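Asker: What follows is query-v7.tsv; its format and atoms are TSV, C-alpha atoms.
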chain	number	residue	atom	x	y	z
O	178	MET	CA	-37.22	310.09	103.30
O	179	GLU	CA	-35.42	313.42	102.88
O	180	GLY	CA	-36.96	316.86	103.04
O	181	THR	CA	-39.99	318.46	104.55
O	182	THR	CA	-42.56	316.99	102.23
O	183	MET	CA	-42.95	313.36	101.30
O	184	GLY	CA	-44.96	311.81	98.56
O	185	PHE	CA	-46.53	314.82	96.86
O	186	ARG	CA	-49.68	313.46	95.32
O	187	PRO	CA	-51.61	315.54	92.76
O	188	ARG	CA	-55.32	316.00	93.37
O	189	PRO	CA	-57.91	318.25	91.68
O	190	TRP	CA	-58.70	321.64	93.23
O	191	HIS	CA	-62.33	320.86	93.96
O	192	TRP	CA	-61.53	318.54	96.90
O	193	LEU	CA	-60.45	321.58	98.96
O	194	PRO	CA	-62.96	323.64	100.95
O	195	ARG	CA	-63.50	327.06	99.37
O	196	TYR	CA	-61.59	329.03	102.04
O	197	GLN	CA	-58.55	326.76	101.55
O	198	ARG	CA	-58.81	326.90	97.77
O	199	ARG	CA	-58.48	330.69	97.84
O	200	VAL	CA	-55.16	330.43	99.68
O	201	VAL	CA	-53.73	327.42	97.84
O	202	ARG	CA	-54.58	328.91	94.43
O	203	HIS	CA	-53.25	332.38	95.29
O	204	ARG	CA	-51.18	333.45	92.26
O	205	GLY	CA	-49.07	336.11	93.94
O	206	SER	CA	-46.44	335.86	96.63
O	207	LEU	CA	-47.42	333.41	99.36
O	208	THR	CA	-45.05	335.27	101.68
O	209	ARG	CA	-46.93	338.53	101.12
O	210	LEU	CA	-50.27	336.79	101.70
O	211	LEU	CA	-49.07	335.17	104.93
O	212	ARG	CA	-47.57	338.43	106.20
O	213	GLY	CA	-51.01	339.97	105.75
O	214	LEU	CA	-52.51	337.26	107.95
O	215	THR	CA	-49.89	337.65	110.67
O	216	ARG	CA	-50.89	339.65	113.73
O	217	HIS	CA	-47.39	340.17	115.12
O	218	ARG	CA	-44.47	338.45	113.41
O	219	PHE	CA	-43.70	336.50	110.25
O	220	ARG	CA	-40.43	334.65	109.75
O	221	VAL	CA	-38.73	331.86	107.82
O	222	ARG	CA	-37.01	328.99	109.59
O	223	VAL	CA	-34.52	327.11	107.44
O	224	LEU	CA	-34.74	323.42	108.27
O	225	ARG	CA	-32.05	322.29	105.86
O	226	GLU	CA	-30.38	323.50	102.69
O	227	GLY	CA	-27.54	322.35	100.52
O	228	TYR	CA	-26.59	320.17	97.58
O	229	ARG	CA	-28.62	316.96	97.65
O	230	LEU	CA	-30.36	314.54	95.34
O	231	PRO	CA	-33.94	315.53	94.52
O	232	LYS	CA	-36.68	312.94	94.82
O	233	ALA	CA	-37.49	311.06	91.62
O	234	ASP	CA	-40.72	313.00	90.96
O	235	GLU	CA	-38.93	316.34	91.52
O	236	ALA	CA	-36.12	315.39	89.11
O	237	ARG	CA	-38.73	314.32	86.53
O	238	GLU	CA	-40.61	317.66	86.91
O	239	LEU	CA	-37.39	319.56	86.27
O	240	GLY	CA	-36.07	317.26	83.53
O	241	LEU	CA	-32.97	316.41	85.56
O	242	PRO	CA	-31.00	313.22	84.95
O	243	ALA	CA	-31.14	310.60	87.68
O	244	ARG	CA	-28.56	311.06	90.43
O	245	GLN	CA	-27.88	314.72	89.57
O	246	LYS	CA	-27.67	316.89	92.65
O	247	ALA	CA	-29.52	320.18	93.04
O	248	TRP	CA	-29.62	322.95	95.63
O	249	ILE	CA	-32.50	321.96	97.94
O	250	ARG	CA	-33.91	324.26	100.59
O	251	ASP	CA	-36.45	323.06	103.18
O	252	VAL	CA	-38.11	325.77	105.28
O	253	GLN	CA	-41.06	326.54	107.51
O	254	LEU	CA	-43.04	329.74	107.07
O	255	ILE	CA	-44.02	330.84	110.55
O	256	GLY	CA	-46.74	333.29	111.49
O	257	ASP	CA	-47.05	334.48	115.08
O	258	ASP	CA	-44.65	331.75	116.24
O	259	THR	CA	-46.74	328.98	114.64
O	260	PRO	CA	-45.55	326.96	111.61
O	261	TRP	CA	-48.11	327.55	108.86
O	262	VAL	CA	-46.37	326.14	105.79
O	263	GLN	CA	-43.52	323.73	105.11
O	264	ALA	CA	-41.88	324.37	101.77
O	265	ARG	CA	-39.23	322.70	99.67
O	266	THR	CA	-37.39	324.35	96.79
O	267	VAL	CA	-35.35	322.36	94.28
O	268	ILE	CA	-32.96	324.44	92.17
O	269	PRO	CA	-30.96	322.69	89.41
O	270	LEU	CA	-27.26	323.50	89.45
O	271	HIS	CA	-27.34	325.33	86.10
O	272	CYS	CA	-29.87	327.78	87.64
O	273	LEU	CA	-27.33	328.89	90.23
O	274	GLU	CA	-25.12	330.72	87.74
O	275	GLY	CA	-24.89	334.47	87.23
O	276	PRO	CA	-27.30	336.60	89.25
O	277	ASN	CA	-29.28	333.51	90.32
O	278	ARG	CA	-26.37	332.28	92.46
O	279	ARG	CA	-27.72	334.45	95.28
O	280	LEU	CA	-30.55	331.92	95.64
O	281	ARG	CA	-28.04	329.83	97.60
O	282	HIS	CA	-27.62	332.65	100.11
O	283	LEU	CA	-31.18	333.54	101.11
O	284	GLY	CA	-30.66	332.50	104.72
O	285	ASN	CA	-33.84	333.29	106.65
O	286	ARG	CA	-35.21	335.53	103.90
O	287	PRO	CA	-38.25	334.17	102.06
O	288	LEU	CA	-37.79	332.79	98.56
O	289	GLY	CA	-40.63	335.08	97.48
O	290	SER	CA	-38.30	338.06	97.87
O	291	ALA	CA	-36.26	336.66	94.96
O	292	LEU	CA	-39.10	335.23	92.88
O	293	PHE	CA	-41.37	338.29	93.01
O	294	GLY	CA	-38.70	340.99	93.38
O	295	ARG	CA	-37.25	343.46	90.89
O	296	HIS	CA	-36.52	340.78	88.27
O	297	PRO	CA	-39.45	338.40	88.77
O	298	TRP	CA	-39.62	334.79	87.75
O	299	SER	CA	-42.73	333.62	85.91
O	300	ARG	CA	-44.82	330.93	87.53
O	301	GLU	CA	-46.27	328.11	85.52
O	302	ALA	CA	-49.61	326.57	86.44
O	303	PHE	CA	-49.96	325.13	89.93
O	304	THR	CA	-50.44	321.49	90.63
O	305	CYS	CA	-52.74	321.05	93.61
O	306	GLY	CA	-52.30	318.01	95.79
O	307	GLN	CA	-51.39	316.62	99.16
O	308	ALA	CA	-48.08	316.14	100.92
O	309	GLN	CA	-46.98	314.72	104.24
O	310	PRO	CA	-44.46	316.85	106.11
O	311	LEU	CA	-41.87	315.08	108.23
O	312	GLY	CA	-43.07	314.64	111.77
O	313	HIS	CA	-46.74	314.45	110.73
O	314	ALA	CA	-48.84	311.30	110.38
O	315	THR	CA	-51.24	312.64	107.74
O	316	GLN	CA	-51.13	314.43	104.43
O	317	TYR	CA	-52.21	318.05	104.13
O	318	PRO	CA	-53.19	320.34	101.25
O	319	ALA	CA	-50.21	321.27	99.12
O	320	ARG	CA	-49.28	322.84	95.84
O	321	ARG	CA	-46.37	322.53	93.50
O	322	SER	CA	-45.21	325.15	91.00
O	323	ARG	CA	-42.39	325.62	88.57
O	324	PHE	CA	-40.86	329.07	88.19
O	325	ARG	CA	-38.92	330.12	85.09
O	326	ARG	CA	-36.54	332.93	84.26
O	327	GLY	CA	-34.41	332.72	81.13
O	328	GLN	CA	-33.02	329.19	80.90
O	329	GLY	CA	-33.58	328.56	84.61
O	330	THR	CA	-36.40	326.56	86.16
O	331	LEU	CA	-36.92	325.77	89.82
O	332	LEU	CA	-39.56	323.75	91.63
O	333	VAL	CA	-41.40	324.80	94.80
O	334	THR	CA	-43.63	322.50	96.86
O	335	GLU	CA	-45.63	324.14	99.66
O	336	CYS	CA	-47.54	322.12	102.25
O	337	PHE	CA	-50.21	324.02	104.22
O	338	LEU	CA	-50.37	322.98	107.87
O	339	PRO	CA	-53.57	322.85	110.01
O	340	PRO	CA	-52.69	325.86	112.24
O	341	LEU	CA	-52.85	328.10	109.14
O	342	TRP	CA	-56.46	327.08	108.48
O	343	ASP	CA	-57.34	327.55	112.16
O	344	ASP	CA	-55.89	331.07	112.12
O	345	ILE	CA	-57.68	331.94	108.86
O	346	ARG	CA	-61.02	330.77	110.27
O	347	ASP	CA	-60.41	332.77	113.46
O	348	GLN	CA	-59.55	335.88	111.47
O	349	ALA	CA	-62.58	335.44	109.21
O	350	VAL	CA	-64.85	335.47	112.27
O	351	ARG	CA	-63.08	338.53	113.72
O	352	ARG	CA	-63.20	340.38	110.40
O	353	HIS	CA	-66.75	339.47	109.46
O	354	PRO	CA	-68.99	342.56	109.05
O	355	THR	CA	-71.33	341.35	111.79
O	356	HIS	CA	-68.38	341.67	114.17
O	357	GLY	CA	-67.95	345.38	113.37
O	358	ASP	CA	-64.90	345.18	111.10
O	359	SER	CA	-65.15	346.24	107.48
O	360	LEU	CA	-62.34	343.97	106.23
O	361	ARG	CA	-63.49	341.09	104.09
O	362	PRO	CA	-62.50	337.57	105.15
O	363	LEU	CA	-60.41	335.42	102.83
Reformat the file's structure so that it appears as structure tokens.

Answerer:
Amino acid sequence: MEGTTMGFRPRPWHWLPRYQRRVVRHRGSLTRLLRGLTRHRFRVRVLREGYRLPKADEARELGLPARQKAWIRDVQLIGDDTPWVQARTVIPLHCLEGPNRRLRHLGNRPLGSALFGRHPWSREAFTCGQAQPLGHATQYPARRSRFRRGQGTLLVTECFLPPLWDDIRDQAVRRHPTHGDSLRPL
């Protein structure tokens, strides 16, 4: 199967532990949240991007006809040299016109810089679920959201990898008031 996430499967929020729920349901920029968790360096690694066919469920979500290509971008969001999130963005061709055409040229910049920038897109409700990134044998917590601006709609699926949860738990212990730090854990 193509892409970084396979078989997104919706599930209700309540199956997630509370500390994961707070991250997965975060309404703002995931990039900004992850940068705040990073001790040293945050970066985006592009795994693959270009014109490809979306998966059937992605095409359905976006109302695309079968066999219509879209601009698809698969990336990893990396904190402190550890992949924390694998994400997949599906952008219909008609969304790449006018000022939105720069979405094809993000390179290693996070998508959040375009979605939450000067002319923000509006996010529709999340769908919580599970997805299996390529190279992994199990499914992990994930979310899927549609973003809209004008006539354009794009779909983002983000799969949260185990090292992110390990780092959040470690930071929560370090930041807990009994450890002498006044910052509140996530």

Asker: Closest to Ala302 of chain O among O:Leu211, O:Arg265, O:Arg346, O:His203, using all atoms listed in the file?

Answerer: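 Once distances to Ala302 of chain O are computed over all atoms listed in the file, the minimum belongs to O:His203.
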
Asker: Nearest to Val201 of chain O: which of O:Glu226, O:Asp258, O:Asp234, O:Glu335 is it, counting all atoms listed in the file?

Answerer: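 Looking at the shortest contact to Val201 of chain O, the residue is O:Glu335.
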
Asker: Need the neighbours of (-45.4, 322.5, 104.7): which residues are at most 6 Å away, counting all atoms listed in the file, as an MDAnalysis selection string?

Answerer: chainID O and resid 262:264 310 335:338

Asker: Could you write out that same residue set with C-alpha atoms as a tab-separated table (two decimals), in the coordinates of the input?

Answerer:
chain	number	residue	atom	x	y	z
O	262	VAL	CA	-46.37	326.14	105.79
O	263	GLN	CA	-43.52	323.73	105.11
O	264	ALA	CA	-41.88	324.37	101.77
O	310	PRO	CA	-44.46	316.85	106.11
O	335	GLU	CA	-45.63	324.14	99.66
O	336	CYS	CA	-47.54	322.12	102.25
O	337	PHE	CA	-50.21	324.02	104.22
O	338	LEU	CA	-50.37	322.98	107.87

Asker: Nearest to Trp342 of chain O: which of O:Pro276, O:Gly294, O:Gly213, O:Pro318 is it, counting all atoms listed in the file?

Answerer: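 Once distances to Trp342 of chain O are computed over all atoms listed in the file, the minimum belongs to O:Pro318.
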
Asker: Would you mind listing what lies within 10 Å of Arg202 of chain O as a ChimeraX atom specification, with all atoms listed in the file counted and same-chain residues fewer than 3 positions away left out?

Answerer: /O:190,197-199,205,207,302-305,319-320

Asker: Export C-alpha atoms of the chosen residues as a tab-separated table (two decimals), keeping the file's coordinate frame?

Answerer:
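Saved file selection-v9.tsv follows:
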chain	number	residue	atom	x	y	z
O	190	TRP	CA	-58.70	321.64	93.23
O	197	GLN	CA	-58.55	326.76	101.55
O	198	ARG	CA	-58.81	326.90	97.77
O	199	ARG	CA	-58.48	330.69	97.84
O	205	GLY	CA	-49.07	336.11	93.94
O	207	LEU	CA	-47.42	333.41	99.36
O	302	ALA	CA	-49.61	326.57	86.44
O	303	PHE	CA	-49.96	325.13	89.93
O	304	THR	CA	-50.44	321.49	90.63
O	305	CYS	CA	-52.74	321.05	93.61
O	319	ALA	CA	-50.21	321.27	99.12
O	320	ARG	CA	-49.28	322.84	95.84

Asker: In file coordinates, which residues lie within 12 Å of (-48.3, 342.3, 117.9) using all atoms listed in the file, given as a ChimeraX atom specification?

Answerer: /O:214-219,256-258

Asker: Can you measure atom CA of Pro297 of chain O to atom CA of Ser206 of chain O for me? One decimal in Å is fine.

Answerer: 10.8 Å

Asker: Would you list the contacts of Arg225 of chain O as a ChimeraX atom specification, taking every protein, DNA or RNA residue within 12 Å and counting only C-alpha atoms, but skipping same-chain residues closer than 6 positions in sequence?

Answerer: /O:179-181,248-253,263-266,281,284-285

Asker: For the residues in that selection, give me C-alpha atoms as a PDB file, in the frame of the given file.

Answerer:
ATOM      1  CA  GLU O 179     -35.420 313.420 102.880  1.00  0.00           C
ATOM      2  CA  GLY O 180     -36.960 316.860 103.040  1.00  0.00           C
ATOM      3  CA  THR O 181     -39.990 318.460 104.550  1.00  0.00           C
ATOM      4  CA  TRP O 248     -29.620 322.950  95.630  1.00  0.00           C
ATOM      5  CA  ILE O 249     -32.500 321.960  97.940  1.00  0.00           C
ATOM      6  CA  ARG O 250     -33.910 324.260 100.590  1.00  0.00           C
ATOM      7  CA  ASP O 251     -36.450 323.060 103.180  1.00  0.00           C
ATOM      8  CA  VAL O 252     -38.110 325.770 105.280  1.00  0.00           C
ATOM      9  CA  GLN O 253     -41.060 326.540 107.510  1.00  0.00           C
ATOM     10  CA  GLN O 263     -43.520 323.730 105.110  1.00  0.00           C
ATOM     11  CA  ALA O 264     -41.880 324.370 101.770  1.00  0.00           C
ATOM     12  CA  ARG O 265     -39.230 322.700  99.670  1.00  0.00           C
ATOM     13  CA  THR O 266     -37.390 324.350  96.790  1.00  0.00           C
ATOM     14  CA  ARG O 281     -28.040 329.830  97.600  1.00  0.00           C
ATOM     15  CA  GLY O 284     -30.660 332.500 104.720  1.00  0.00           C
ATOM     16  CA  ASN O 285     -33.840 333.290 106.650  1.00  0.00           C
TER      17      ASN O 285
END

Asker: Using all atoms listed in the file, which of O:Thr259, O:Ser322, O:Gln316, O:Thr208 sits nearest Asp343 of chain O?

Answerer: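 Distance minimum relative to Asp343 of chain O lands on O:Thr259.
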
Asker: Any idea what the distance is between atom CA of Leu292 of chain O and atom CA of Arg326 of chain O?

Answerer: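 Straight-line distance from atom CA of Leu292 of chain O to atom CA of Arg326 of chain O works out to 9.3 Å.
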